[in-house]
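Before any comments, here is the structure.
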Amino acid sequence: MAYPENLRYTKEHEWVLVEGDTGTIGITDHAQSELGDIVYVDLPSAGTKIAQGASLGSVESVKAVSDIFAPVTGEVTAVNEALTSNPEKLNQEPHGGGWLVKVKLGAPDELSKLMSAAEYQAYIGG
Amino acid sequence: MVDFGGWDMPVQYAGIIEEHHAVRRGVGLFDVSHMGEVEVTGRQAFDLVNYAATSAVSKMAEGQAQYAGLLYEHGGFVDDILIYKVSPEHYFLCVNASNQDKDFEHIAALQQKLGFDCRVEFTSPRYAQLAVQGPLAAAVVQQLTRVDLKGIRYYRFADGEVMGVAARIARTGYTGEDCFELFVAPEHACALWAKVLEAGAAHGIKPCGLGARNTLRLEAGMALYGHEIGPDINPVEAGLLRNIDLNKEFNGRAAVVKCAETGPSRKLCGIEMTGRGIARDGYEIHVDGAPAGWVTSGSPSPTLNKNIALCYLPAEAAAPGRTVQVIIRGQPVDAVTVNPPFYKRAK
C-alpha cells in the first residue's frame, strides 16, 4: 500500500493529517499489517488533552494489545465511532476510513519532528 | 515470526481469525516440530513412566496416548506431556519445547534415584511433527497413507507410513477438533508439509501459526505450560484431577493428595467478558472490589464471538455465574465466571 505524501509519520507507526489547525490521527498500513486482525479499539473521548509521544489509547489484535502514541499535542475534537462496531476498518483502510481521532493542534511546530512518507518508508525498510 | 523456545515460528500466515475458522470448519496444518520427545525403553520402562507421570499408565493399551502431568515432589508441574505407549517396553513422550531439557533431566534423575532397569533418551532431533487439525483432517491425511485411519480412534496411534515414509500417525491434538499428528524424520518434513497442503487444497486447508493454535486450545479449555500450569501450580488447582491416578505411587503424589483433601484455595476457571474489553494474560481480577486472582490466558474467541479467558480465582469465587472485574488498563471491567471448556465439538 502506498504511504500518502500528505501525511506525517512517527517511529511508533502512527500518522497525522494536518488540515488547518486540525490533525487527524491514525496508524499506518505497516502497523495494521504487523498487528493482524484488529478486534478492539480503545480511544479517548472528545475533550481529552493528549501530548505528543504519550499514549492516547490502544488497539488490540487477536494476539496482543498495542499502545497508540499521540503524534501531536492537542485536544481531541472527534472520535471515529465506526471503529467500535467495525474495528476491522483499521485493517482495511488504515490511512483513510480507519482514522482514530481528530485533534485541535496544540503545538504545530512539533510537526517538524515527524517523518515524511519517503522517510517513513525508508524507516520501515519498504 | 517470533522466538518460541528457541524456534523461529510464525504467529500467523493469512491471519489468526481465518486460520482459526479453517480448523473449526474444515482443516488446518500446523508445523509443531518444536515439540520435544523423550523415549523410555527397556524392561522397567513402564515402572519409570508410571512413577514420573500422574496418569494411569497401567491402563494404557499399546497404541494408546494419554495426557499426564510430570510433577515435582512438592506437587508443582515440571511439564504436561502426552505419553504414547509403543510397547510394554517402549514409551514415547511428547513434551513442550521450552521444557524438553529439564523434562529429560527430571526423568533421567528419577531413573537414577529409583534404579529402574531402563533407558531414558532425548530424541527430539529425530522427529519433525506436523499437526493436521479439523473436521476434515482424516479426509486429508487418508489421501497420503495406506494405513486405514478409521482404525485409529481418538487418542490412539499407529506406526505406519505417510507418502511411503515411516511415520507415527496419532489421533491427538491441541485444538478441540478431530486431529492427526504426524511424526516423521526431519528430512521428510518439508516434503510432507507440501504434500499435506496439496492433498488438502480441495478441502480449503490453511497453514496455521501459533496465534490460531493458542485461540483454538483456549476455546477448548486446554492448559498451556507457563500460563495455566507451572512449577507453582498444583494439578488439583488446575482442575486436572481426572488425569491423575491416586491409586498408584507417583512423584508429587503426597502433595496432590493433601491439596485434594484440604481442597485447593484457588481454582482455574473460565470467564466471559460482559463489559467492553479483552482480558489478557497477567491481568488482575477483583472479586467484591478486592484483588483476588489473575488471568492466565485471555483472547477474543473467534468461534464464540466473545472475549474469553482462563484465570485463577479463590475456590469460593470460581463457581459459574459469578460477576467479577478484570482490571484492564487500570479500569475494572465486568466478566462472569463459566466452566471451561468454552467450546466443545459436536460428536
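Ligands are numbered from 1 in the order shown, chains are lettered A, B, ... in the order of the C-alpha cells, and residues start at 1 in each chain.
Any residue of chain B with an atom no more than 10 Å from chain A counts as a contact; using only C-alpha atoms, that gives Val11, Gln12, Tyr13, Ala14, Gly15, Ile16, Ile17, Glu18, Leu210, Gly211, Ala212, Asn214, Thr215, Arg276, Gly277, Ile278, Arg280, Asp281, Gly298, Ser299, Pro300, Ser301, Pro302, Asn307 and Arg329 of chain B.
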Can you write just those residues out, C-alpha atoms, as an mmCIF file, in the first residue's frame?
data_model
loop_
_atom_site.group_PDB
_atom_site.id
_atom_site.type_symbol
_atom_site.label_atom_id
_atom_site.label_comp_id
_atom_site.auth_asym_id
_atom_site.auth_seq_id
_atom_site.Cartn_x
_atom_site.Cartn_y
_atom_site.Cartn_z
ATOM 1 C CA VAL B 11 2.315 -16.275 14.716
ATOM 2 C CA GLN B 12 0.147 -16.308 11.623
ATOM 3 C CA TYR B 13 0.152 -16.997 7.905
ATOM 4 C CA ALA B 14 -3.051 -15.500 6.438
ATOM 5 C CA GLY B 15 -4.443 -14.205 9.744
ATOM 6 C CA ILE B 16 -5.357 -15.722 13.086
ATOM 7 C CA ILE B 17 -9.131 -15.494 12.641
ATOM 8 C CA GLU B 18 -9.106 -17.035 9.157
ATOM 9 C CA LEU B 210 0.994 -20.082 16.873
ATOM 10 C CA GLY B 211 -1.739 -17.457 17.138
ATOM 11 C CA ALA B 212 -4.531 -19.778 15.986
ATOM 12 C CA ASN B 214 -3.491 -20.516 21.076
ATOM 13 C CA THR B 215 -7.058 -19.338 20.386
ATOM 14 C CA ARG B 276 -16.253 -3.979 26.887
ATOM 15 C CA GLY B 277 -12.644 -5.143 26.846
ATOM 16 C CA ILE B 278 -10.347 -8.119 26.430
ATOM 17 C CA ARG B 280 -5.117 -10.596 28.698
ATOM 18 C CA ASP B 281 -2.546 -12.832 30.331
ATOM 19 C CA GLY B 298 -7.200 -14.365 27.530
ATOM 20 C CA SER B 299 -8.256 -13.623 23.999
ATOM 21 C CA PRO B 300 -11.159 -12.893 21.728
ATOM 22 C CA SER B 301 -12.831 -16.199 20.807
ATOM 23 C CA PRO B 302 -13.329 -16.278 17.042
ATOM 24 C CA ASN B 307 -13.896 -12.303 24.803
ATOM 25 C CA ARG B 329 -5.538 -0.586 31.856
#
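Residue neighbourhood of Val76 (chain A), excluding near-sequence residues (fewer than 5 positions): A:Thr22, A:Gly23, A:Thr24, A:Ile25, A:Leu43, A:Pro44, A:Ser45, A:Ala46, A:Gly47, A:Thr48, A:Lys49, A:Ile50, A:Ala51, A:Leu56, A:Gly57, A:Ala70, A:Leu100, A:Val101, A:Lys102, A:Val103, A:Lys104, A:Leu105, A:Gly106, at 12 Å, using only C-alpha atoms.
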Discussion item. Using DSSP assignments from the backbone, pull out every residue in chain A that falls under alpha helix (DSSP H) and give it to me as an MDAnalysis selection string.
Written reply: chainID A and resid 29:35 82:85 89:92 117:123
Fill in: Given only C-alpha atoms as the counted atoms, nearest of A:Phe69, A:His30, A:Ser116, A:Lys11 to Asn91 (chain A)
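Nearest to Asn91 (chain A): A:His30.
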Discussion item. Rounded to one decimal, what separation in Å do you get between CA of Phe180 (chain B) and CA of Phe157 (chain B)?
Written reply: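 We find that CA of Phe180 (chain B) and CA of Phe157 (chain B) lie 8.9 Å from each other.
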Worksheet item: Counting only C-alpha atoms, what is within 6 Å of region 73-82 of chain B, bar same-chain residues fewer than 4 positions away, as a PyMOL selection string?
Response: chain B and resi 66-69+93-95+230-234+251-252+255-256
Taking C-alpha atoms for each residue, export the selection above as a PDB file, in the first residue's frame.
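Output saved as again.pdb:
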ATOM      1  CA  GLN B  66      -2.588 -40.387  27.409  1.00  0.00           C
ATOM      2  CA  TYR B  67      -2.324 -36.849  28.801  1.00  0.00           C
ATOM      3  CA  ALA B  68      -0.394 -36.553  32.076  1.00  0.00           C
ATOM      4  CA  GLY B  69       1.460 -34.211  34.373  1.00  0.00           C
ATOM      5  CA  LEU B  93       6.762 -38.925  25.466  1.00  0.00           C
ATOM      6  CA  CYS B  94       5.846 -35.733  23.621  1.00  0.00           C
ATOM      7  CA  VAL B  95       6.770 -32.707  25.735  1.00  0.00           C
ATOM      8  CA  GLY B 230       3.730 -24.250  36.118  1.00  0.00           C
ATOM      9  CA  PRO B 231       6.082 -25.066  38.991  1.00  0.00           C
ATOM     10  CA  ASP B 232       3.855 -23.209  41.492  1.00  0.00           C
ATOM     11  CA  ILE B 233       0.556 -24.747  40.399  1.00  0.00           C
ATOM     12  CA  ASN B 234      -0.832 -27.990  41.805  1.00  0.00           C
ATOM     13  CA  ASN B 251       6.322 -38.280  42.070  1.00  0.00           C
ATOM     14  CA  GLY B 252       4.433 -35.473  43.816  1.00  0.00           C
ATOM     15  CA  ALA B 255       1.272 -33.003  47.718  1.00  0.00           C
ATOM     16  CA  VAL B 256      -1.593 -33.778  45.333  1.00  0.00           C
TER      17      VAL B 256
END
Discussion item. Taking the DSSP secondary structure from the backbone, can you list the residues of chain A that are strand (DSSP E), as a PyMOL selection string?
Written reply: chain A and resi 7-9+14-19+22-27+38-42+49-50+55-61+65-69+74-79+101-105
Discussion item. Taking 6 positions as the minimum chain separation for residues in the same chain, which residues sit within 9 Å of Ala82 (chain A) when counting only C-alpha atoms? Answer as an MDAnalysis selection string.
Written reply: chainID A and resid 89 97:98
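The space between CA of His106 (chain B) and CA of Asp159 (chain B) spans 27.4 Å.
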